[in-house]
Each structure stands twice: as structure tokens, then as C-alpha cells.
Amino acid sequence: MFGIFKRKKSAKIAKDRLTIAIMSDRGNGDSYPFIEDMKQEILDVVKKYIEVKNIRIEKEVDADIEALSIDIELDIK
Amino acid sequence: MGLVIAIISGKGGVGKTTASANLALGIAQNGIKCVAVDFDIGQRNLDMILGLENRVVYDMVQVMDKEATLKQALIKSKVSDNLYFLAASQTKDKTALESSKVKELIDELKSEFEYIILDAPAGIESGYEHTIEFADSAIVVVNPEVSSIRDADRAIGILDSKSQKVKDGEEVDKYLIINRINPKMVQSGEMLNSEDILDILNIKLIGKIPEDKGVIDASNQGKPIILDKNSKAAQAYKRVASRMCGEKVDLEDIESQKDGLFSKISGIFK
């Protein structure tokens with residue numbers, strides 16, 4: 001019964017859904033607007049421990065599974 | 001030379017024809033000679049909203065096909081000497097339009113009128129591309145609701161690729177009208193607010209129209225709501241029309257407005 005107090009406002013849900021749907025319509029369906037920021041943040045964390053050459057993030061969709069695959073290429077000299 | 005403004009939307013039923021009628025009349029009331037053209041071939045709704053359905057003799061397809069002159073087909077508004085109307089064809093289908101004929105008609109209108117308002121078919125229908133082809137600018141009408149906004153984005157995409165101005169390397173000016181805003185629902189987070197919608201669609205806002213029961217009453221009578229001095233939607237349309245005429249009118253924050261006794265009482269406790 002406390003569910004109603006925690007419920008996310010539907011306008012916020014609408015905005016999130018629209019952002020993704022419109023991006024997919026515009027032909028960038030395998031990406032997110034935040035992807036570059038996320039890349040940088042992951043890089044910053046990994047770089048604290050090991051040298052990194054490159055990072056790739058791709059969205060993979062297979063039937064009912066959606067996943068982000070993150071490839072981090074290490075910089076070995 | 002007149003300015004051609006297409007009133008467009010993604011899906012149907014968002015209030016595009018109502019907006020066309022009220023903006024055309026609002027522009028005319030500002031003393032500017034204006035024509036409203038119903039480009040929604042086969043549907044013919046603008047004549048009803050303007051209350052001119054009994055005066056239609058010739059339609060725009062007949063003018064394009066030289067079966068009638070523009071002068072014969074133009075209908076003068078009953079409420080403003082500056083407003084004229086050109087009806088859509090009801091018998092022909094939407095494939096009746098040809099680019100060269102559309103251009104010829106629009107060029108003729110541009111030499112007669114200062115503002116040419118085109119009421120477009122919904123963006124997902126055929127005939128839409130012809131309406132936007134020769135437009136100088138477009139006003140996109142959306143409701144604060146997911147399907148309307150998503151389809152509007154597609155209609156804007158078609159505008160950006162198919163308009164003659166874009167093909168000539170220029171830009172089509174695009175403006176947004178958010179129609180049927182329910183301030184209470186926006187305040188409670190149950191309806192998208194205008195900032196959210198602008199974030200998603202990324203175009204300039206030209207007006208916010210509140211939900212207004214008077215709009216249906218007005219269409220029942222064939223008297224555009226802008227004639228009703230007490231209506232909030234009318235005031236909003238007047239402001240948009242003034243902006244379209246180049247006046248600087250600040251956007252009113254209708255979303256945080258309160259009205260009625262209940263909100264006045266609940267306001268005390270805030």
C-alpha cells in the first residue's frame with residue numbers, strides 16, 4: 001500500500017521512454033545519449049589501476065535480452 | 001511576397017485544424033491580409049471550424065487544375081475582412097497533388113496575401129510532403145503525450161529532408177505549439193511539461209495552449225475560439241498570432257497557473 005508514495009511520476013517515465021524511442025526512430029537505435037559520458041567515467045576508473053588504450057561500448061539486442069558490451073583495450077608496452 | 005507557414009503535426013487529432021483557424025484569424029485581426037488553405041485533401045475540416053462550410057463552391061484542387069480561378073474559389077471570412085479561406089477537395093484523394101501545381105498555387109497566393117497558412121494533413125499521411133514542400137516555416141502542433149511527440153519528431157524529420165528550402169541549402173524555420181496543456185496534471189507530474197518536450201524535440205517554442213472545453217463548443221458553432229474574450233485558449237492563440245506577426249510577446253507560464261476555488265484553497269496550504 002506504500003507503493004503509491006514511491007511511484008515514479010508518469011511524466012518522468014514518459015520523458016525517458018520518449019528519449020529512447022525517438023533516438024531509435026532517428027536511426028541511432030544502438031546508442032544512448034549518455035554513452036560518451038559513461039565511457040569517460042569508466043575510463044577514469046579503470047585508468048586508476050591499469051593503462052587503457054581504447055574503450056568501446058555497444059548495445060546488443062537478442063530476442064528478449066538487451067545488454068551493453070564493453071570492450072576495454074589495454075595499453076601494453 | 002507573402003510568407004507561407006505550414007501548420008503540421010505527426011499524428012492526427014492534436015488540434016492542428018483548430019490552430020490553423022485560430023492563428024489565421026488572429027493574424028487577420030492584427031490587420032494583416034491572410035489566407036487559410038485546407039491542404040487536408042479528402043478530409044475537409046477547416047471550413048467547419050471557420051463556419052464557412054456552406055459557402056464552399058470551388059476547392060483548391062479545382063484551382064490547381066484550372067477548373068476555377070483563385071478569385072472564384074476564395075471565400076471571405078464573416079468575422080474579419082482580412083481573412084480568406086480556400087477549401088480542400090472532398091472528392092479527390094491525397095494523391096491528387098502534384099509539386100508543380102502546388103507551387104503555382106502557392107506562388108499565386110503569395111502575390112495576393114501577406115500570410116498564407118497551410119493546414120497540413122498529419123505527417124504520417126500522403127499529401128503532407130506537398131504541404132511542407134514550399135513552406136517558408138512550419139509550426140508543429142503537439143499534445144503533451146508520448147505518441148503525439150514521437151510522431152511529431154518524424155514529421156520534423158520529413159520537413160528537414162523534403163522541403164524545397166532545405167534542398168536549396170536554406171533552413172526551414174520550425175516552431176512548436178504545445179496544445180491541450182492541463183496545468184494541474186503538469187504540476188502533479190502526470191503530464192510532460194514544456195521543458196521536457198523541448199528537450200526531446202529540440203525546436204523553438206512559439207506557444208502553449210491550455211486545455212479548454214470552450215474549443216469544442218466553438219467548433220460546434222463554427223466560431224473559432226479566439227473570438228471568445230473569456231477563453232484562456234483564445235488568449236493563448238492571440239499571443240501566438242502576435243508573435244507570428246513579429247511582435248515581442250513573452251511566453252506565459254500557463255503550466256504553473258492556478259484557477260478555480262479548489263486550487264485557491266489548496267494554495268493556502270502550500
# chains A, B, ... in the order shown; residues from 1 in each chain; ligands from 1
>>> select_by_dssp(residues="chain A", states="alpha helix (DSSP H)", output="PyMOL selection string")
chain A and resi 3-6+10-25+35-47
>>> interface_residues(of="chain B", to="chain A", cutoff="9 Å", atoms="only C-alpha atoms", output="PyMOL selection string")
chain B and resi 145-147+149-151+153-154+157+186+188-193+196-197+199-201
>>> residues_around(residues="B:Asn182", least_positions_apart="6", cutoff="12 Å", atoms="only C-alpha atoms", output="list of chain:residue names")
B:Asn143, B:Pro144, B:Glu145, B:Ser188, B:Gly189, B:Glu190, B:Met191, B:Leu192, B:Asn193, B:Ser194, B:Lys208, B:Ile209, B:Pro210, B:Glu211, B:Asp212, B:Lys213, B:Lys232, B:Ala233, B:Ile254, B:Glu255, B:Ser256, B:Gln257, B:Lys258, B:Asp259
>>> write_last_selection(atoms="N, CA and C atoms", output="compact mmCIF listing (two decimals), in the first residue's frame")
# COMPACT_ATOMS: atom_id res chain seq x y z
N ASN B 143 0.46 17.51 -28.58
CA ASN B 143 -0.16 17.42 -27.27
C ASN B 143 0.91 16.88 -26.32
N PRO B 144 0.81 17.20 -25.03
CA PRO B 144 1.83 16.70 -24.10
C PRO B 144 1.63 15.22 -23.81
N GLU B 145 1.90 14.41 -24.80
CA GLU B 145 1.52 13.00 -24.72
C GLU B 145 2.47 12.23 -25.65
N SER B 188 1.30 18.12 -10.98
CA SER B 188 1.38 16.89 -10.19
C SER B 188 2.32 15.86 -10.81
N GLY B 189 2.96 16.22 -11.91
CA GLY B 189 3.93 15.31 -12.53
C GLY B 189 3.29 14.20 -13.34
N GLU B 190 2.03 14.40 -13.70
CA GLU B 190 1.35 13.37 -14.52
C GLU B 190 1.33 13.74 -15.99
N MET B 191 1.84 14.94 -16.31
CA MET B 191 1.86 15.36 -17.72
C MET B 191 3.22 15.98 -18.00
N LEU B 192 3.78 15.67 -19.16
CA LEU B 192 5.06 16.24 -19.57
C LEU B 192 4.97 17.76 -19.55
N ASN B 193 5.99 18.42 -19.02
CA ASN B 193 5.99 19.88 -19.06
C ASN B 193 6.69 20.36 -20.33
N SER B 194 6.59 21.66 -20.60
CA SER B 194 7.09 22.16 -21.88
C SER B 194 8.61 22.02 -22.00
N LYS B 208 2.03 28.02 -25.89
CA LYS B 208 1.47 26.98 -25.04
C LYS B 208 -0.02 27.25 -24.92
N ILE B 209 -0.84 26.28 -25.34
CA ILE B 209 -2.28 26.47 -25.32
C ILE B 209 -2.88 25.57 -24.23
N PRO B 210 -3.59 26.15 -23.27
CA PRO B 210 -4.18 25.30 -22.24
C PRO B 210 -5.38 24.52 -22.77
N GLU B 211 -5.62 23.38 -22.15
CA GLU B 211 -6.83 22.62 -22.45
C GLU B 211 -8.03 23.52 -22.13
N ASP B 212 -9.00 23.53 -23.02
CA ASP B 212 -10.11 24.46 -22.85
C ASP B 212 -11.37 23.83 -23.44
N LYS B 213 -12.35 23.60 -22.57
CA LYS B 213 -13.60 22.96 -23.04
C LYS B 213 -14.30 23.81 -24.08
N LYS B 232 -9.27 31.05 -22.07
CA LYS B 232 -7.82 31.05 -21.90
C LYS B 232 -7.09 30.60 -23.15
N ALA B 233 -7.71 29.62 -23.85
CA ALA B 233 -7.10 29.16 -25.11
C ALA B 233 -7.08 30.31 -26.11
N ILE B 254 1.72 29.20 -18.42
CA ILE B 254 0.37 28.71 -18.10
C ILE B 254 0.41 27.44 -17.26
N GLU B 255 1.57 26.76 -17.27
CA GLU B 255 1.62 25.47 -16.57
C GLU B 255 1.58 25.61 -15.05
N SER B 256 2.07 26.74 -14.54
CA SER B 256 2.03 26.86 -13.09
C SER B 256 0.85 27.71 -12.62
N GLN B 257 -0.04 28.02 -13.59
CA GLN B 257 -1.22 28.82 -13.22
C GLN B 257 -2.21 28.00 -12.43
N LYS B 258 -2.85 28.67 -11.51
CA LYS B 258 -3.90 28.01 -10.75
C LYS B 258 -5.22 28.73 -11.06
N ASP B 259 -6.29 27.94 -11.04
CA ASP B 259 -7.58 28.59 -11.21
C ASP B 259 -8.63 27.83 -10.41
>>> residues_around(residues="stretch 127-129 of chain B", least_positions_apart="6", cutoff="8 Å", atoms="only C-alpha atoms", output="PyMOL selection string")
chain B and resi 39-41+94-95+97+120-121+158-159+162-163
>>> write_last_selection(atoms="N, CA and C atoms", output="CSV table (one decimal), in the first residue's frame")
chain,number,residue,atom,x,y,z
B,39,PHE,N,-5.2,22.0,-46.7
B,39,PHE,CA,-4.4,21.0,-47.6
B,39,PHE,C,-4.7,19.6,-47.2
B,40,ASP,N,-5.7,19.4,-46.3
B,40,ASP,CA,-6.0,18.0,-45.9
B,40,ASP,C,-7.1,17.5,-46.9
B,41,ILE,N,-6.6,17.1,-48.1
B,41,ILE,CA,-7.5,16.7,-49.2
B,41,ILE,C,-8.2,15.5,-48.8
B,94,LYS,N,-5.7,12.1,-51.8
B,94,LYS,CA,-4.5,12.9,-51.5
B,94,LYS,C,-3.4,12.8,-52.5
B,95,THR,N,-3.5,11.8,-53.4
B,95,THR,CA,-2.5,11.7,-54.4
B,95,THR,C,-2.8,12.7,-55.6
B,97,LEU,N,-2.4,15.7,-55.6
B,97,LEU,CA,-1.4,16.9,-55.6
B,97,LEU,C,-0.2,16.6,-56.4
B,120,ALA,N,-2.0,21.4,-42.8
B,120,ALA,CA,-1.5,20.2,-43.4
B,120,ALA,C,-2.2,18.9,-43.0
B,121,PRO,N,-2.1,17.8,-43.8
B,121,PRO,CA,-2.6,16.5,-43.3
B,121,PRO,C,-1.6,16.1,-42.2
B,158,ILE,N,10.9,14.6,-41.8
B,158,ILE,CA,10.4,14.7,-43.2
B,158,ILE,C,10.6,16.1,-43.7
B,159,LEU,N,10.2,17.1,-42.8
B,159,LEU,CA,10.3,18.5,-43.1
B,159,LEU,C,11.7,18.9,-43.5
B,162,LYS,N,12.6,17.1,-47.0
B,162,LYS,CA,11.8,17.2,-48.2
B,162,LYS,C,11.5,18.6,-48.6
B,163,SER,N,11.7,19.6,-47.7
B,163,SER,CA,11.3,20.9,-48.1
B,163,SER,C,12.2,21.6,-49.1
>>> residues_around(residues="B:Gly10", least_positions_apart="6", cutoff="6 Å", atoms="only C-alpha atoms", output="list in words")
Ala122, Gly123, Asp151, Ala152 and Ala155 of chain B
>>> atom_distance(atom1="atom CA of B:Glu108", atom2="atom CA of B:Ile156")
26.3 Å
>>> residues_around(residues="B:Val63", least_positions_apart="4", cutoff="9 Å", atoms="only C-alpha atoms", output="ChimeraX atom specification")
/B:58-59,67-70,72-73,105
>>> select_by_dssp(residues="stretch 43-246 of chain B", states="strand (DSSP E)", output="tab-separated table (two decimals) with N, CA and C atoms, in the first residue's frame")
chain	number	residue	atom	x	y	z
B	75	ILE	N	-12.90	32.28	-50.28
B	75	ILE	CA	-14.09	32.64	-49.51
B	75	ILE	C	-13.68	33.64	-48.43
B	76	LYS	N	-14.43	34.75	-48.38
B	76	LYS	CA	-14.10	35.76	-47.38
B	76	LYS	C	-14.74	35.40	-46.04
B	83	LEU	N	-9.37	38.13	-43.58
B	83	LEU	CA	-9.19	36.67	-43.65
B	83	LEU	C	-9.97	36.05	-44.81
B	84	TYR	N	-9.23	35.24	-45.59
B	84	TYR	CA	-9.85	34.47	-46.66
B	84	TYR	C	-9.55	32.99	-46.44
B	85	PHE	N	-10.36	32.17	-47.13
B	85	PHE	CA	-10.24	30.73	-46.93
B	85	PHE	C	-10.32	30.02	-48.27
B	86	LEU	N	-9.48	28.98	-48.41
B	86	LEU	CA	-9.51	28.16	-49.62
B	86	LEU	C	-9.72	26.71	-49.19
B	115	TYR	N	0.20	36.71	-45.42
B	115	TYR	CA	0.42	35.45	-44.71
B	115	TYR	C	-0.43	34.35	-45.33
B	116	ILE	N	0.20	33.21	-45.58
B	116	ILE	CA	-0.52	32.06	-46.14
B	116	ILE	C	-0.37	30.91	-45.14
B	117	ILE	N	-1.47	30.52	-44.52
B	117	ILE	CA	-1.45	29.46	-43.51
B	117	ILE	C	-1.95	28.17	-44.15
B	118	LEU	N	-1.10	27.13	-44.15
B	118	LEU	CA	-1.50	25.86	-44.75
B	118	LEU	C	-1.82	24.85	-43.65
B	119	ASP	N	-3.04	24.38	-43.64
B	119	ASP	CA	-3.44	23.34	-42.69
B	119	ASP	C	-3.08	21.99	-43.31
B	137	SER	N	8.12	28.45	-43.35
B	137	SER	CA	8.31	27.98	-41.98
B	137	SER	C	7.17	27.03	-41.62
B	138	ALA	N	7.37	26.33	-40.53
B	138	ALA	CA	6.37	25.35	-40.10
B	138	ALA	C	6.12	25.50	-38.61
B	139	ILE	N	4.87	25.33	-38.23
B	139	ILE	CA	4.53	25.29	-36.82
B	139	ILE	C	4.04	23.88	-36.52
B	140	VAL	N	4.76	23.22	-35.62
B	140	VAL	CA	4.42	21.84	-35.25
B	140	VAL	C	3.49	21.88	-34.05
B	141	VAL	N	2.35	21.21	-34.17
B	141	VAL	CA	1.41	21.16	-33.04
B	141	VAL	C	1.54	19.79	-32.36
B	142	VAL	N	1.78	19.79	-31.06
B	142	VAL	CA	1.79	18.53	-30.30
B	142	VAL	C	0.88	18.66	-29.08
B	173	ASP	N	12.27	27.49	-40.95
B	173	ASP	CA	12.07	27.84	-39.55
B	173	ASP	C	11.01	26.92	-38.96
B	174	LYS	N	11.31	26.37	-37.79
B	174	LYS	CA	10.37	25.46	-37.15
B	174	LYS	C	10.03	25.95	-35.76
B	175	TYR	N	8.75	25.95	-35.47
B	175	TYR	CA	8.30	26.38	-34.15
B	175	TYR	C	7.31	25.37	-33.59
B	176	LEU	N	7.24	25.33	-32.27
B	176	LEU	CA	6.38	24.34	-31.62
B	176	LEU	C	5.22	25.01	-30.88
B	177	ILE	N	4.04	24.43	-31.06
B	177	ILE	CA	2.89	24.78	-30.20
B	177	ILE	C	2.54	23.55	-29.38
B	178	ILE	N	2.52	23.71	-28.08
B	178	ILE	CA	2.06	22.61	-27.23
B	178	ILE	C	0.60	22.90	-26.89
B	179	ASN	N	-0.26	22.02	-27.35
B	179	ASN	CA	-1.70	22.24	-27.24
B	179	ASN	C	-2.30	21.30	-26.20
B	180	ARG	N	-3.39	21.74	-25.59
B	180	ARG	CA	-4.12	20.95	-24.59
B	180	ARG	C	-3.30	20.68	-23.33
B	181	ILE	N	-2.63	21.71	-22.84
B	181	ILE	CA	-1.88	21.57	-21.60
B	181	ILE	C	-2.86	21.62	-20.43
B	204	LYS	N	12.19	25.51	-31.40
B	204	LYS	CA	11.79	26.71	-30.66
B	204	LYS	C	10.30	26.67	-30.30
B	205	LEU	N	9.98	27.11	-29.11
B	205	LEU	CA	8.59	27.16	-28.67
B	205	LEU	C	7.96	28.48	-29.09
B	206	ILE	N	6.75	28.41	-29.69
B	206	ILE	CA	6.07	29.67	-30.04
B	206	ILE	C	4.78	29.84	-29.26
B	207	GLY	N	4.32	28.78	-28.59
B	207	GLY	CA	3.10	28.95	-27.81
B	207	GLY	C	2.67	27.74	-27.01
B	208	LYS	N	2.03	28.02	-25.89
B	208	LYS	CA	1.47	26.98	-25.04
B	208	LYS	C	-0.02	27.25	-24.92
B	209	ILE	N	-0.84	26.28	-25.34
B	209	ILE	CA	-2.28	26.47	-25.32
B	209	ILE	C	-2.88	25.57	-24.23
B	210	PRO	N	-3.59	26.15	-23.27
B	210	PRO	CA	-4.18	25.30	-22.24
B	210	PRO	C	-5.38	24.52	-22.77
>>> residues_around(residues="A:Ile42", least_positions_apart="5", cutoff="12 Å", atoms="only C-alpha atoms", output="PyMOL selection string")
chain A and resi 35-37+47-49+52+54-57+70-72
>>> write_last_selection(atoms="N, CA and C atoms", output="PDB file, in the first residue's frame")
ATOM      1  N   ILE A  35      26.181   7.943 -23.676  1.00  0.00           N
ATOM      2  CA  ILE A  35      27.231   6.930 -23.866  1.00  0.00           C
ATOM      3  C   ILE A  35      28.644   7.509 -23.742  1.00  0.00           C
ATOM      4  N   GLU A  36      28.852   8.726 -24.287  1.00  0.00           N
ATOM      5  CA  GLU A  36      30.188   9.310 -24.238  1.00  0.00           C
ATOM      6  C   GLU A  36      30.600   9.652 -22.808  1.00  0.00           C
ATOM      7  N   ASP A  37      29.643  10.187 -22.040  1.00  0.00           N
ATOM      8  CA  ASP A  37      29.929  10.489 -20.630  1.00  0.00           C
ATOM      9  C   ASP A  37      30.259   9.218 -19.861  1.00  0.00           C
ATOM     10  N   LYS A  47      41.539   3.426 -15.470  1.00  0.00           N
ATOM     11  CA  LYS A  47      42.874   4.018 -15.595  1.00  0.00           C
ATOM     12  C   LYS A  47      43.580   4.172 -14.249  1.00  0.00           C
ATOM     13  N   LYS A  48      42.778   4.178 -13.192  1.00  0.00           N
ATOM     14  CA  LYS A  48      43.393   4.268 -11.856  1.00  0.00           C
ATOM     15  C   LYS A  48      44.244   3.031 -11.570  1.00  0.00           C
ATOM     16  N   TYR A  49      43.878   1.917 -12.255  1.00  0.00           N
ATOM     17  CA  TYR A  49      44.532   0.647 -11.956  1.00  0.00           C
ATOM     18  C   TYR A  49      45.429   0.143 -13.069  1.00  0.00           C
ATOM     19  N   VAL A  52      45.019   2.094 -20.253  1.00  0.00           N
ATOM     20  CA  VAL A  52      43.962   1.735 -21.203  1.00  0.00           C
ATOM     21  C   VAL A  52      44.213   2.428 -22.539  1.00  0.00           C
ATOM     22  N   ASN A  54      41.902   1.952 -25.437  1.00  0.00           N
ATOM     23  CA  ASN A  54      40.639   2.297 -26.091  1.00  0.00           C
ATOM     24  C   ASN A  54      39.461   1.614 -25.373  1.00  0.00           C
ATOM     25  N   ILE A  55      38.304   2.212 -25.536  1.00  0.00           N
ATOM     26  CA  ILE A  55      37.104   1.589 -24.949  1.00  0.00           C
ATOM     27  C   ILE A  55      35.963   1.653 -25.954  1.00  0.00           C
ATOM     28  N   ARG A  56      35.265   0.560 -26.071  1.00  0.00           N
ATOM     29  CA  ARG A  56      34.098   0.503 -26.977  1.00  0.00           C
ATOM     30  C   ARG A  56      32.886   0.011 -26.189  1.00  0.00           C
ATOM     31  N   ILE A  57      31.767   0.703 -26.375  1.00  0.00           N
ATOM     32  CA  ILE A  57      30.531   0.248 -25.733  1.00  0.00           C
ATOM     33  C   ILE A  57      29.477   0.048 -26.807  1.00  0.00           C
ATOM     34  N   ILE A  70      30.974  -4.045 -23.192  1.00  0.00           N
ATOM     35  CA  ILE A  70      32.032  -3.053 -23.012  1.00  0.00           C
ATOM     36  C   ILE A  70      33.390  -3.719 -23.256  1.00  0.00           C
ATOM     37  N   ASP A  71      34.083  -3.256 -24.262  1.00  0.00           N
ATOM     38  CA  ASP A  71      35.417  -3.785 -24.567  1.00  0.00           C
ATOM     39  C   ASP A  71      36.454  -2.750 -24.191  1.00  0.00           C
ATOM     40  N   ILE A  72      37.351  -3.158 -23.341  1.00  0.00           N
ATOM     41  CA  ILE A  72      38.411  -2.234 -22.944  1.00  0.00           C
ATOM     42  C   ILE A  72      39.746  -2.785 -23.437  1.00  0.00           C
TER      43      ILE A  72
END
>>> closest_residue(among="B:Ala88, B:Leu251, B:Ala241, B:Leu50", to="B:Gly31", atoms="only C-alpha atoms")
B:Ala241
>>> closest_residue(among="B:Met48, B:Asp136, B:Lys184, B:Tyr237", to="B:Glu171", atoms="only C-alpha atoms")
B:Asp136
>>> atom_distance(atom1="atom CA of B:His130", atom2="atom CA of B:Gly42")
14.4 Å
>>> closest_residue(among="B:Asp65, B:Asn54, B:Lys238, B:Gly13", to="B:Ile225", atoms="only C-alpha atoms")
B:Lys238
>>> atom_distance(atom1="atom CA of B:Asn220", atom2="atom CA of B:Lys16")
16.4 Å
>>> closest_residue(among="B:Met64, B:Ala135, B:Leu23, B:Ile216", to="B:Val35", atoms="only C-alpha atoms")
B:Leu23
